[in-house]
$ cat model-v1.txt   # compact mmCIF, C-alpha atoms
# COMPACT_ATOMS: atom_id res chain seq x y z
CA MET U 1 43.10 3.21 -2.21
CA SER U 2 40.30 5.00 -4.04
CA ARG U 3 39.22 8.26 -2.45
CA TRP U 4 35.72 6.76 -2.14
CA GLN U 5 36.70 3.76 -0.05
CA PRO U 6 36.32 5.37 3.37
CA ASP U 7 32.62 5.95 2.73
CA ALA U 8 31.87 2.63 1.04
CA ARG U 9 29.62 1.60 3.90
CA GLY U 10 27.58 4.78 3.74
CA ARG U 11 27.21 4.53 -0.03
CA LEU U 12 26.04 0.94 0.23
CA GLU U 13 23.48 1.89 2.87
CA GLN U 14 22.24 4.73 0.72
CA ALA U 15 22.01 2.57 -2.40
CA ALA U 16 20.26 -0.25 -0.53
CA LEU U 17 17.64 2.05 0.97
CA GLU U 18 16.93 3.59 -2.42
CA LEU U 19 16.45 0.18 -4.01
CA TYR U 20 14.37 -1.23 -1.14
CA THR U 21 12.14 1.82 -1.42
CA GLU U 22 11.85 1.69 -5.21
CA ARG U 23 11.27 -2.02 -5.73
CA GLY U 24 10.79 -3.58 -2.31
CA PHE U 25 13.22 -5.38 -0.03
CA ASP U 26 12.51 -8.86 -1.37
CA ARG U 27 13.06 -7.89 -4.97
CA THR U 28 16.44 -6.24 -4.44
CA THR U 29 19.66 -8.22 -4.82
CA VAL U 30 23.07 -7.57 -3.31
CA ALA U 31 24.48 -7.31 -6.85
CA GLU U 32 22.08 -4.46 -7.58
CA ILE U 33 22.97 -2.66 -4.37
CA ALA U 34 26.69 -2.91 -5.10
CA ASP U 35 26.10 -1.78 -8.67
CA ARG U 36 24.06 1.25 -7.62
CA ALA U 37 26.78 2.20 -5.14
CA GLY U 38 29.46 1.78 -7.80
CA LEU U 39 31.14 -0.95 -5.75
CA THR U 40 31.59 -4.70 -6.00
CA GLU U 41 29.59 -7.42 -4.27
CA ARG U 42 32.79 -8.36 -2.51
CA THR U 43 32.95 -4.91 -0.97
CA PHE U 44 29.31 -5.25 0.10
CA PHE U 45 30.09 -8.47 1.96
CA ARG U 46 33.07 -6.86 3.65
CA HIS U 47 30.60 -4.50 5.31
CA PHE U 48 27.40 -6.53 5.70
CA ALA U 49 26.61 -10.21 6.22
CA ASP U 50 23.52 -9.94 4.02
CA LYS U 51 21.05 -7.41 2.69
CA ARG U 52 19.04 -7.44 5.92
CA GLU U 53 22.10 -6.33 7.87
CA VAL U 54 22.11 -3.04 5.97
CA LEU U 55 18.95 -2.17 7.91
CA PHE U 56 19.97 -3.60 11.28
CA GLY U 57 23.74 -3.20 11.32
CA GLY U 58 23.76 -0.62 14.11
CA GLN U 59 22.59 -3.11 16.75
CA ASP U 60 25.97 -3.76 18.39
CA ALA U 61 26.84 -0.07 18.63
CA LEU U 62 23.41 0.67 20.07
CA THR U 63 23.68 -2.08 22.69
CA GLU U 64 27.13 -0.86 23.65
CA LEU U 65 25.94 2.73 23.94
CA LEU U 66 22.92 1.81 26.09
CA THR U 67 24.75 -0.50 28.47
CA THR U 68 27.68 1.90 28.88
CA HIS U 69 25.36 4.76 29.77
CA ILE U 70 23.47 2.61 32.26
CA ALA U 71 26.74 1.51 33.86
CA GLN U 72 28.04 5.07 34.09
CA ALA U 73 24.95 6.76 35.51
CA PRO U 74 25.64 8.10 39.01
CA GLU U 75 24.54 5.81 41.82
CA SER U 76 21.92 8.30 42.93
CA VAL U 77 20.07 7.92 39.62
CA SER U 78 17.03 5.62 39.77
CA PRO U 79 16.91 2.58 37.46
CA ILE U 80 14.23 4.09 35.21
CA ASP U 81 16.16 7.33 34.89
CA ALA U 82 19.40 5.48 34.14
CA VAL U 83 17.53 3.76 31.31
CA GLY U 84 15.99 7.08 30.26
CA ARG U 85 19.41 8.74 30.02
CA ALA U 86 20.82 5.83 28.06
CA LEU U 87 17.92 6.00 25.60
CA GLN U 88 18.39 9.74 25.28
CA ALA U 89 22.02 9.13 24.33
CA THR U 90 20.83 7.09 21.36
CA GLY U 91 18.82 10.15 20.38
CA GLU U 92 22.08 12.04 19.96
CA MET U 93 23.40 9.20 17.81
CA LEU U 94 20.38 9.35 15.52
CA GLU U 95 20.08 13.12 15.39
CA GLY U 96 20.32 14.42 11.83
CA ARG U 97 19.40 10.98 10.49
CA ARG U 98 15.65 11.38 10.54
CA GLU U 99 15.11 11.20 6.78
CA HIS U 100 17.26 8.10 6.61
CA ALA U 101 15.43 6.59 9.60
CA ARG U 102 12.05 7.36 8.04
CA ARG U 103 12.86 5.63 4.80
CA ARG U 104 14.35 2.70 6.68
CA GLN U 105 11.17 2.37 8.76
CA ALA U 106 8.96 2.47 5.67
CA VAL U 107 10.91 -0.46 4.24
CA ILE U 108 10.54 -2.39 7.51
CA ASP U 109 6.83 -1.61 7.84
CA ALA U 110 6.23 -3.04 4.36
CA ASN U 111 7.82 -6.40 5.16
CA PRO U 112 6.63 -8.82 7.90
CA GLY U 113 10.00 -10.61 8.04
CA LEU U 114 11.75 -7.31 8.72
CA GLN U 115 9.18 -6.39 11.37
CA GLU U 116 9.99 -9.65 13.16
CA ARG U 117 13.67 -8.79 12.99
CA GLU U 118 12.92 -5.36 14.47
CA LEU U 119 10.96 -6.88 17.37
CA ILE U 120 13.79 -9.30 18.10
CA LYS U 121 16.24 -6.43 18.05
CA LEU U 122 14.17 -4.52 20.60
CA ALA U 123 13.78 -7.61 22.79
CA SER U 124 17.52 -8.11 22.80
CA LEU U 125 18.10 -4.44 23.68
CA ALA U 126 15.73 -4.90 26.63
CA ALA U 127 17.67 -7.97 27.75
CA ALA U 128 20.99 -6.11 27.49
CA MET U 129 19.65 -3.15 29.47
CA ALA U 130 18.22 -5.45 32.15
CA ALA U 131 21.65 -7.11 32.49
CA ALA U 132 23.30 -3.68 32.79
CA LEU U 133 20.84 -2.73 35.54
CA ARG U 134 21.50 -5.96 37.43
CA ARG U 135 25.20 -5.11 37.33
CA ARG U 136 24.24 -1.86 39.10
CA GLY U 137 22.68 -3.97 41.85
CA VAL U 138 19.06 -3.62 40.72
CA PRO U 139 17.13 -6.80 41.66
CA ALA U 140 16.46 -9.05 38.67
CA SER U 141 12.72 -8.58 38.44
CA ALA U 142 12.88 -4.79 38.81
CA ALA U 143 15.68 -4.73 36.23
CA THR U 144 13.59 -6.59 33.67
CA LEU U 145 10.49 -4.53 34.34
CA THR U 146 12.45 -1.28 34.04
CA ALA U 147 14.24 -2.33 30.86
CA GLU U 148 11.06 -3.57 29.16
CA THR U 149 9.32 -0.34 30.12
CA GLY U 150 12.26 1.61 28.74
CA VAL U 151 11.91 -0.17 25.41
CA ALA U 152 8.19 0.64 25.41
CA VAL U 153 9.06 4.32 25.92
CA PHE U 154 11.68 4.18 23.19
CA LYS U 155 9.32 2.55 20.67
CA VAL U 156 6.71 5.21 21.23
CA ALA U 157 9.19 8.09 21.21
CA TYR U 158 10.95 6.86 18.10
CA SER U 159 7.70 6.54 16.24
CA ARG U 160 6.63 10.02 17.36
CA TRP U 161 9.94 11.45 16.23
CA LEU U 162 9.67 9.80 12.82
CA GLY U 163 6.06 10.86 12.35
CA ALA U 164 6.32 14.45 13.58
CA SER U 165 5.32 16.96 10.93
CA ARG U 166 8.23 19.19 11.78
CA ARG U 167 11.73 18.41 12.93
CA LYS U 168 11.95 17.45 16.58
CA ASP U 169 14.85 16.64 18.82
CA LEU U 170 14.75 12.86 19.48
CA THR U 171 16.51 13.24 22.81
CA ARG U 172 13.77 15.58 23.93
CA VAL U 173 10.99 13.36 22.57
CA ILE U 174 12.39 10.44 24.59
CA GLY U 175 12.54 12.60 27.72
CA ASP U 176 8.98 13.83 27.17
CA SER U 177 7.71 10.29 26.58
CA LEU U 178 9.32 9.08 29.79
CA ASP U 179 7.76 11.99 31.67
CA GLU U 180 4.42 11.12 30.13
CA LEU U 181 4.81 7.52 31.20
CA LYS U 182 5.53 8.68 34.74
CA ALA U 183 2.38 10.79 34.70
CA LEU U 184 0.32 7.93 33.24
CA THR U 185 1.47 5.51 35.93
CA ALA U 186 1.27 7.94 38.84
CA SER U 187 -1.21 6.60 41.37
CA ALA U 188 -4.25 8.79 41.80
CA MET W 1 -19.85 -39.12 17.17
CA SER W 2 -17.20 -40.73 19.35
CA ARG W 3 -17.42 -39.85 23.01
CA TRP W 4 -13.90 -38.40 22.72
CA GLN W 5 -14.67 -35.87 20.01
CA PRO W 6 -15.63 -32.99 22.31
CA ASP W 7 -12.12 -32.95 23.76
CA ALA W 8 -10.22 -33.56 20.51
CA ARG W 9 -8.66 -30.10 20.68
CA GLY W 10 -7.39 -30.60 24.20
CA ARG W 11 -5.96 -34.02 23.37
CA LEU W 12 -4.17 -32.64 20.32
CA GLU W 13 -2.69 -29.83 22.42
CA GLN W 14 -1.54 -32.28 25.02
CA ALA W 15 -0.02 -34.66 22.46
CA ALA W 16 1.71 -31.83 20.59
CA LEU W 17 3.29 -30.40 23.75
CA GLU W 18 4.54 -33.84 24.76
CA LEU W 19 6.13 -34.39 21.38
CA TYR W 20 7.60 -30.87 21.12
CA THR W 21 9.14 -31.41 24.54
CA GLU W 22 10.47 -34.90 23.79
CA ARG W 23 11.95 -34.35 20.34
CA GLY W 24 11.78 -30.63 19.63
CA PHE W 25 9.27 -28.57 17.70
CA ASP W 26 11.02 -28.84 14.34
CA ARG W 27 11.26 -32.59 14.45
CA THR W 28 7.60 -33.21 15.23
CA THR W 29 5.10 -33.78 12.43
CA VAL W 30 1.36 -33.25 12.41
CA ALA W 31 0.94 -36.97 11.62
CA GLU W 32 2.79 -37.84 14.83
CA ILE W 33 0.70 -35.45 16.89
CA ALA W 34 -2.53 -36.87 15.53
CA ASP W 35 -1.27 -40.40 16.10
CA ARG W 36 -0.27 -39.71 19.70
CA ALA W 37 -3.70 -38.18 20.34
CA GLY W 38 -5.41 -41.18 18.75
CA LEU W 39 -6.96 -38.94 16.09
CA THR W 40 -6.52 -38.34 12.36
CA GLU W 41 -4.54 -35.60 10.64
CA ARG W 42 -7.80 -34.39 9.23
CA THR W 43 -9.12 -33.82 12.73
CA PHE W 44 -5.91 -31.95 13.56
CA PHE W 45 -6.47 -29.57 10.67
CA ARG W 46 -10.07 -29.01 11.71
CA HIS W 47 -8.70 -27.47 14.91
CA PHE W 48 -5.36 -25.93 13.91
CA ALA W 49 -3.99 -24.38 10.73
CA ASP W 50 -0.55 -25.86 11.40
CA LYS W 51 1.59 -27.21 14.22
CA ARG W 52 2.62 -23.71 15.31
CA GLU W 53 -1.02 -22.80 15.90
CA VAL W 54 -1.20 -25.39 18.67
CA LEU W 55 1.05 -23.09 20.68
CA PHE W 56 -0.53 -19.77 19.68
CA GLY W 57 -4.16 -20.66 19.09
CA GLY W 58 -5.46 -18.64 22.04
CA GLN W 59 -4.54 -15.27 20.47
CA ASP W 60 -8.02 -14.28 19.28
CA ALA W 61 -9.67 -15.15 22.59
CA LEU W 62 -6.97 -13.23 24.45
CA THR W 63 -7.34 -10.14 22.26
CA GLU W 64 -11.11 -10.26 22.70
CA LEU W 65 -10.80 -10.61 26.46
CA LEU W 66 -8.35 -7.71 26.78
CA THR W 67 -10.22 -5.28 24.55
CA THR W 68 -13.58 -6.11 26.15
CA HIS W 69 -12.23 -5.46 29.63
CA ILE W 70 -10.66 -2.17 28.54
CA ALA W 71 -13.93 -1.11 26.95
CA GLN W 72 -15.96 -2.02 30.02
CA ALA W 73 -13.78 -0.44 32.69
CA PRO W 74 -15.65 2.41 34.43
CA GLU W 75 -14.89 5.87 33.07
CA SER W 76 -13.22 6.85 36.33
CA VAL W 77 -10.52 4.20 35.84
CA SER W 78 -7.22 5.55 34.48
CA PRO W 79 -5.85 4.12 31.20
CA ILE W 80 -3.05 2.19 32.92
CA ASP W 81 -5.46 0.70 35.42
CA ALA W 82 -7.93 -0.24 32.68
CA VAL W 83 -5.06 -2.11 31.02
CA GLY W 84 -4.04 -3.60 34.35
CA ARG W 85 -7.54 -4.95 34.99
CA ALA W 86 -7.73 -6.39 31.50
CA LEU W 87 -4.39 -8.14 31.97
CA GLN W 88 -5.54 -9.46 35.32
CA ALA W 89 -8.58 -10.97 33.63
CA THR W 90 -6.24 -13.04 31.44
CA GLY W 91 -4.74 -14.28 34.68
CA GLU W 92 -8.09 -15.83 35.54
CA MET W 93 -8.19 -17.46 32.11
CA LEU W 94 -4.75 -19.02 32.62
CA GLU W 95 -5.22 -20.02 36.24
CA GLY W 96 -4.76 -23.75 36.76
CA ARG W 97 -2.83 -24.00 33.49
CA ARG W 98 0.61 -23.25 34.87
CA GLU W 99 2.15 -26.62 34.13
CA HIS W 100 0.84 -26.48 30.60
CA ALA W 101 2.08 -22.90 30.21
CA ARG W 102 5.50 -23.83 31.54
CA ARG W 103 5.97 -26.64 29.09
CA ARG W 104 4.69 -24.47 26.27
CA GLN W 105 7.19 -21.74 27.20
CA ALA W 106 10.08 -24.20 27.31
CA VAL W 107 9.24 -25.26 23.75
CA ILE W 108 9.12 -21.62 22.61
CA ASP W 109 12.35 -20.70 24.40
CA ALA W 110 14.16 -23.49 22.56
CA ASN W 111 13.14 -22.28 19.11
CA PRO W 112 14.03 -18.84 17.62
CA GLY W 113 11.20 -19.01 15.07
CA LEU W 114 8.67 -19.53 17.85
CA GLN W 115 10.21 -16.70 19.87
CA GLU W 116 9.64 -14.40 16.91
CA ARG W 117 6.04 -15.55 16.72
CA GLU W 118 5.63 -14.83 20.44
CA LEU W 119 7.02 -11.30 20.05
CA ILE W 120 4.67 -10.63 17.15
CA LYS W 121 1.77 -11.90 19.22
CA LEU W 122 2.67 -9.51 22.04
CA ALA W 123 3.09 -6.59 19.63
CA SER W 124 -0.33 -7.25 18.19
CA LEU W 125 -1.86 -7.45 21.67
CA ALA W 126 -0.32 -4.04 22.40
CA ALA W 127 -1.81 -2.63 19.20
CA ALA W 128 -5.25 -4.05 20.05
CA MET W 129 -5.12 -2.61 23.58
CA ALA W 130 -4.01 0.79 22.26
CA ALA W 131 -6.98 0.79 19.86
CA ALA W 132 -9.33 -0.11 22.74
CA LEU W 133 -7.93 2.78 24.80
CA ARG W 134 -8.40 5.21 21.90
CA ARG W 135 -12.03 4.14 21.73
CA ARG W 136 -12.28 5.21 25.38
CA GLY W 137 -11.08 8.66 24.31
CA VAL W 138 -7.44 8.27 25.36
CA PRO W 139 -5.21 10.35 23.03
CA ALA W 140 -3.31 8.20 20.52
CA SER W 141 0.18 8.67 21.91
CA ALA W 142 -0.86 8.06 25.52
CA ALA W 143 -2.83 5.01 24.38
CA THR W 144 0.19 3.49 22.67
CA LEU W 145 2.51 4.26 25.57
CA THR W 146 0.07 2.78 28.07
CA ALA W 147 -0.57 -0.36 26.02
CA GLU W 148 3.13 -0.99 25.36
CA THR W 149 3.84 -0.52 29.05
CA GLY W 150 1.01 -2.91 29.88
CA VAL W 151 2.59 -5.55 27.66
CA ALA W 152 5.94 -4.99 29.40
CA VAL W 153 4.21 -5.58 32.75
CA PHE W 154 2.49 -8.66 31.43
CA LYS W 155 5.71 -10.16 30.04
CA VAL W 156 7.48 -9.73 33.34
CA ALA W 157 4.54 -10.96 35.42
CA TYR W 158 3.96 -13.98 33.20
CA SER W 159 7.58 -14.98 33.42
CA ARG W 160 7.57 -14.54 37.21
CA TRP W 161 4.45 -16.65 37.48
CA LEU W 162 5.96 -19.42 35.35
CA GLY W 163 9.24 -19.36 37.23
CA ALA W 164 7.94 -19.13 40.80
CA SER W 165 9.06 -22.03 42.95
CA ARG W 166 5.62 -22.39 44.43
CA ARG W 167 2.19 -21.84 42.98
CA LYS W 168 1.21 -18.21 42.71
CA ASP W 169 -1.95 -16.51 41.58
CA LEU W 170 -1.23 -14.96 38.15
CA THR W 171 -3.85 -12.27 38.67
CA ARG W 172 -2.05 -11.19 41.81
CA VAL W 173 1.40 -11.36 40.20
CA ILE W 174 0.15 -9.04 37.44
CA GLY W 175 -1.28 -6.63 40.03
CA ASP W 176 1.96 -6.70 42.02
CA SER W 177 4.05 -6.12 38.89
CA LEU W 178 1.95 -3.13 37.93
CA ASP W 179 2.32 -1.73 41.43
CA GLU W 180 6.05 -2.27 41.20
CA LEU W 181 6.16 -0.45 37.87
CA LYS W 182 4.30 2.46 39.45
CA ALA W 183 6.86 2.57 42.26
CA LEU W 184 9.76 2.32 39.80
CA THR W 185 8.48 5.20 37.71
CA ALA W 186 7.40 7.41 40.61
CA SER W 187 9.33 10.66 40.46
CA ALA W 188 11.63 11.14 43.40

$ encode --input "model-v1.txt" --output "C-alpha cells"
Amino acid sequence: MSRWQPDARGRLEQAALELYTERGFDRTTVAEIADRAGLTERTFFRHFADKREVLFGGQDALTELLTTHIAQAPESVSPIDAVGRALQATGEMLEGRREHARRRQAVIDANPGLQERELIKLASLAAAMAAALRRRGVPASAATLTAETGVAVFKVAYSRWLGASRRKDLTRVIGDSLDELKALTASA
Amino acid sequence: MSRWQPDARGRLEQAALELYTERGFDRTTVAEIADRAGLTERTFFRHFADKREVLFGGQDALTELLTTHIAQAPESVSPIDAVGRALQATGEMLEGRREHARRRQAVIDANPGLQERELIKLASLAAAMAAALRRRGVPASAATLTAETGVAVFKVAYSRWLGASRRKDLTRVIGDSLDELKALTASA
C-alpha cells in the first residue's frame, strides 16, 4: 500500500475544491480531480459517489453526531438547549476547517443546483433532529418547531463564523446565536 | 372574449392539480392540463411559464405581502412580532383554500424536484423578510435570525393547518405556533 493511501480522501477533497474554485463546479470532471490528486478515477469512486458528494459527504456523520447528542442530553435539559448543545458539538467537528469551509461555501453559492442540495441537507438535518427529540418524549409539533428553529440558528451562526473578519470559535458563535434568538423571542 | 376567460387561471390551476394528483406531476403535460381546462396551450403559457409554476405562482404576491406588512408594522413592534404579523396576513390570503393547499402539498411531497423548489421558495421568503427587517433598522444578523425563525414557524404552522383533522384558522395556528416558539425558547 502506498504511503499516501490513508489520506486519499483528503487529497481528493482538496483537489476538487481547488478545481471547483478555479474553473467552476460544472466545468470540473472527476478525471481532472483524480489527476490533480495524483490518484485514479477508480480511487475517486471508492470514496465518493459523484463530484457533488465531495462537497456534501459529511452529511451522515453530521446527522449521527446531532442525533446522538440530542439523545444523550440529560433529561433536565430543555428541547431547545438539547438541540443547541448538539449543534455546538458540530462546531467542534468543524473547528480548524474554516478556510476549507469558506472555499466550499463559495463554490456552493456560485451554483444554484448546489444551493438546492444544501437546503435539502439542512431540511433533512431538521427532520433527523425532530425525530431525536420525539424519542426524548417531546411532542411531535414542539419537536419539529424546535428542530427547525435550531437549523435556523445554525444557518445564521455558520454564516457568521465563515464571514467573520477574524477567527472565531464556531461553538461559541452557535451559543451566542441561540442566546440572541432567545432574546429576540422573549416576550416584552 | 368568452365569458370563461376571466377565470382561465383558476381553471388551469384546478385542472393541473387534478391531473398531478391522478397521474403524478412528471407524467402530466401542459397539453393535457389545457385540454382538461377546456383551454389552449397558448392560454396556459399566458398564465404560467411552465407546469411547475402552477404550483408556485403565488411567490411574488406572497413576498410582497410579507415585506409590506413588515414595513408597515408600528415602530414599537419587535422584529419577531413584525414577522409574526406578516405571516399571519398570509393566513388570511390562504383562508378558505385549505383543500386546494392540501392537494397541492400532496403533489409536492411526492416529488423530490418539487420539494427542492419549495425549499428554495422558503429560503427566498426568509431573505426577503430579512431585507425588510433591515430596512426597519434591525441589525443584519438579528434580521436574518428573526426571518429564518419566522420561516421555521410558518413551515410548522402551515403543516399543522394542512394536517388538522378539523378546519382551523391558519392565522390563529401561526399565532399559536409563534407563542409556542416563544415558550420553547424562554430561558428557564

$ interface_residues --input "model-v1.txt" --of "chain U" --to "chain W" --cutoff "10 Å" --atoms "only C-alpha atoms" --output "PyMOL selection string"
chain U and resi 77-81+112-113+115-120+122-123+141-157+159-160+177-188

$ residues_around --input "model-v1.txt" --residues "segment 64-69 of chain W" --least-positions-apart "5" --cutoff "8 Å" --atoms "all atoms listed in the file" --output "list in words"
Ala82, Val83, Arg85, Ala86, Leu87, Ala89, Thr90, Ala128, Met129 and Ala132 of chain W

$ write_last_selection --input "model-v1.txt" --atoms "C-alpha atoms" --output "PDB file, in the coordinates of the input"
ATOM      1  CA  ALA W  82      -7.930  -0.240  32.680  1.00  0.00           C
ATOM      2  CA  VAL W  83      -5.060  -2.110  31.020  1.00  0.00           C
ATOM      3  CA  ARG W  85      -7.540  -4.950  34.990  1.00  0.00           C
ATOM      4  CA  ALA W  86      -7.730  -6.390  31.500  1.00  0.00           C
ATOM      5  CA  LEU W  87      -4.390  -8.140  31.970  1.00  0.00           C
ATOM      6  CA  ALA W  89      -8.580 -10.970  33.630  1.00  0.00           C
ATOM      7  CA  THR W  90      -6.240 -13.040  31.440  1.00  0.00           C
ATOM      8  CA  ALA W 128      -5.250  -4.050  20.050  1.00  0.00           C
ATOM      9  CA  MET W 129      -5.120  -2.610  23.580  1.00  0.00           C
ATOM     10  CA  ALA W 132      -9.330  -0.110  22.740  1.00  0.00           C
TER      11      ALA W 132
END

$ atom_distance --input "model-v1.txt" --atom1 "atom CA of Ala61 of chain U" --atom2 "atom CA of Glu92 of chain U"
13.1 Å

$ atom_distance --input "model-v1.txt" --atom1 "atom CA of Gly58 of chain W" --atom2 "atom CA of Leu133 of chain W"
21.7 Å

$ residues_around --input "model-v1.txt" --residues "Glu18 of chain U" --least-positions-apart "5" --cutoff "9 Å" --atoms "all atoms listed in the file" --output "ChimeraX atom specification"
/U:13,23,33,103

$ write_last_selection --input "model-v1.txt" --atoms "C-alpha atoms" --output "PDB file, in the frame of the given file"
ATOM      1  CA  GLU U  13      23.480   1.890   2.870  1.00  0.00           C
ATOM      2  CA  ARG U  23      11.270  -2.020  -5.730  1.00  0.00           C
ATOM      3  CA  ILE U  33      22.970  -2.660  -4.370  1.00  0.00           C
ATOM      4  CA  ARG U 103      12.860   5.630   4.800  1.00  0.00           C
TER       5      ARG U 103
END

$ closest_residue --input "model-v1.txt" --among "W:Leu19, W:Ala49, W:Leu12, W:Val54" --to "Leu114 of chain W" --atoms "all atoms listed in the file"
W:Val54

$ residues_around --input "model-v1.txt" --residues "segment 41-44 of chain W" --least-positions-apart "4" --cutoff "8 Å" --atoms "only C-alpha atoms" --output "PyMOL selection string"
chain W and resi 8-9+12+30-31+34-35+48

$ atom_distance --input "model-v1.txt" --atom1 "atom CA of Arg104 of chain W" --atom2 "atom CA of Arg134 of chain U"
27.4 Å

$ closest_residue --input "model-v1.txt" --among "W:Gly10, W:Thr63, W:Ala127, W:Thr28" --to "Asp50 of chain W" --atoms "all atoms listed in the file"
W:Thr28

$ closest_residue --input "model-v1.txt" --among "W:Phe56, W:Phe25, W:Trp161, W:Tyr20" --to "Arg102 of chain W" --atoms "only C-alpha atoms"
W:Trp161

$ axis_aligned_box --input "model-v1.txt" --around "segment 54-58 of chain U" --padding-each-side "5 Å" --output "AutoDock Vina command-line options"
--center_x 21.4 --center_y -2.1 --center_z 10.0 --size_x 14.8 --size_y 13.0 --size_z 18.1

$ closest_residue --input "model-v1.txt" --among "U:Thr21, U:Gln14, U:Gln72, U:Gln105" --to "Gly38 of chain U" --atoms "all atoms listed in the file"
U:Gln14

$ closest_residue --input "model-v1.txt" --among "W:Asp169, W:Met93, W:Gly57, W:Gly24" --to "Asn111 of chain W" --atoms "all atoms listed in the file"
W:Gly24

$ closest_residue --input "model-v1.txt" --among "U:Leu125, U:Ile70, U:Ala16, U:Gln88" --to "Asp176 of chain U" --atoms "only C-alpha atoms"
U:Gln88

$ decode --input "model-v1.txt" --residues "segment 62-80 of chain U" --atoms "N, CA and C atoms" --output "JSON list (two decimals), in the first residue's frame"
[["chain", "number", "residue", "atom", "x", "y", "z"],
["U", 62, "LEU", "N", -22.64, 14.00, 10.31],
["U", 62, "LEU", "CA", -23.26, 15.15, 10.97],
["U", 62, "LEU", "C", -24.59, 14.75, 11.60],
["U", 63, "THR", "N", -25.39, 14.01, 10.86],
["U", 63, "THR", "CA", -26.69, 13.55, 11.36],
["U", 63, "THR", "C", -26.50, 12.68, 12.61],
["U", 64, "GLU", "N", -25.55, 11.78, 12.51],
["U", 64, "GLU", "CA", -25.22, 10.89, 13.62],
["U", 64, "GLU", "C", -24.81, 11.69, 14.86],
["U", 65, "LEU", "N", -23.93, 12.66, 14.64],
["U", 65, "LEU", "CA", -23.43, 13.48, 15.74],
["U", 65, "LEU", "C", -24.58, 14.24, 16.41],
["U", 66, "LEU", "N", -25.44, 14.86, 15.60],
["U", 66, "LEU", "CA", -26.54, 15.65, 16.14],
["U", 66, "LEU", "C", -27.52, 14.78, 16.91],
["U", 67, "THR", "N", -27.92, 13.68, 16.32],
["U", 67, "THR", "CA", -28.95, 12.86, 16.98],
["U", 67, "THR", "C", -28.39, 12.19, 18.24],
["U", 68, "THR", "N", -27.12, 11.80, 18.21],
["U", 68, "THR", "CA", -26.52, 11.21, 19.41],
["U", 68, "THR", "C", -26.49, 12.22, 20.55],
["U", 69, "HIS", "N", -26.09, 13.45, 20.24],
["U", 69, "HIS", "CA", -26.03, 14.46, 21.29],
["U", 69, "HIS", "C", -27.42, 14.78, 21.84],
["U", 70, "ILE", "N", -28.41, 14.81, 20.98],
["U", 70, "ILE", "CA", -29.77, 15.08, 21.46],
["U", 70, "ILE", "C", -30.23, 13.93, 22.36],
["U", 71, "ALA", "N", -29.93, 12.71, 21.95],
["U", 71, "ALA", "CA", -30.33, 11.55, 22.75],
["U", 71, "ALA", "C", -29.66, 11.55, 24.12],
["U", 72, "GLN", "N", -28.40, 12.00, 24.15],
["U", 72, "GLN", "CA", -27.62, 11.88, 25.39],
["U", 72, "GLN", "C", -27.73, 13.08, 26.33],
["U", 73, "ALA", "N", -28.38, 14.12, 25.89],
["U", 73, "ALA", "CA", -28.52, 15.28, 26.78],
["U", 73, "ALA", "C", -29.31, 14.87, 28.02],
["U", 74, "PRO", "N", -28.89, 15.34, 29.20],
["U", 74, "PRO", "CA", -29.62, 14.99, 30.42],
["U", 74, "PRO", "C", -31.11, 15.35, 30.31],
["U", 75, "GLU", "N", -31.92, 14.60, 31.00],
["U", 75, "GLU", "CA", -33.37, 14.81, 30.93],
["U", 75, "GLU", "C", -33.78, 16.22, 31.31],
["U", 76, "SER", "N", -33.01, 16.82, 32.20],
["U", 76, "SER", "CA", -33.37, 18.16, 32.69],
["U", 76, "SER", "C", -33.16, 19.24, 31.62],
["U", 77, "VAL", "N", -32.47, 18.90, 30.55],
["U", 77, "VAL", "CA", -32.17, 19.90, 29.51],
["U", 77, "VAL", "C", -33.40, 20.09, 28.61],
["U", 78, "SER", "N", -33.75, 21.36, 28.37],
["U", 78, "SER", "CA", -34.94, 21.65, 27.54],
["U", 78, "SER", "C", -34.66, 21.24, 26.09],
["U", 79, "PRO", "N", -35.73, 21.02, 25.32],
["U", 79, "PRO", "CA", -35.54, 20.63, 23.92],
["U", 79, "PRO", "C", -34.64, 21.60, 23.15],
["U", 80, "ILE", "N", -34.86, 22.89, 23.29],
["U", 80, "ILE", "CA", -34.06, 23.83, 22.50],
["U", 80, "ILE", "C", -32.60, 23.80, 22.94]]
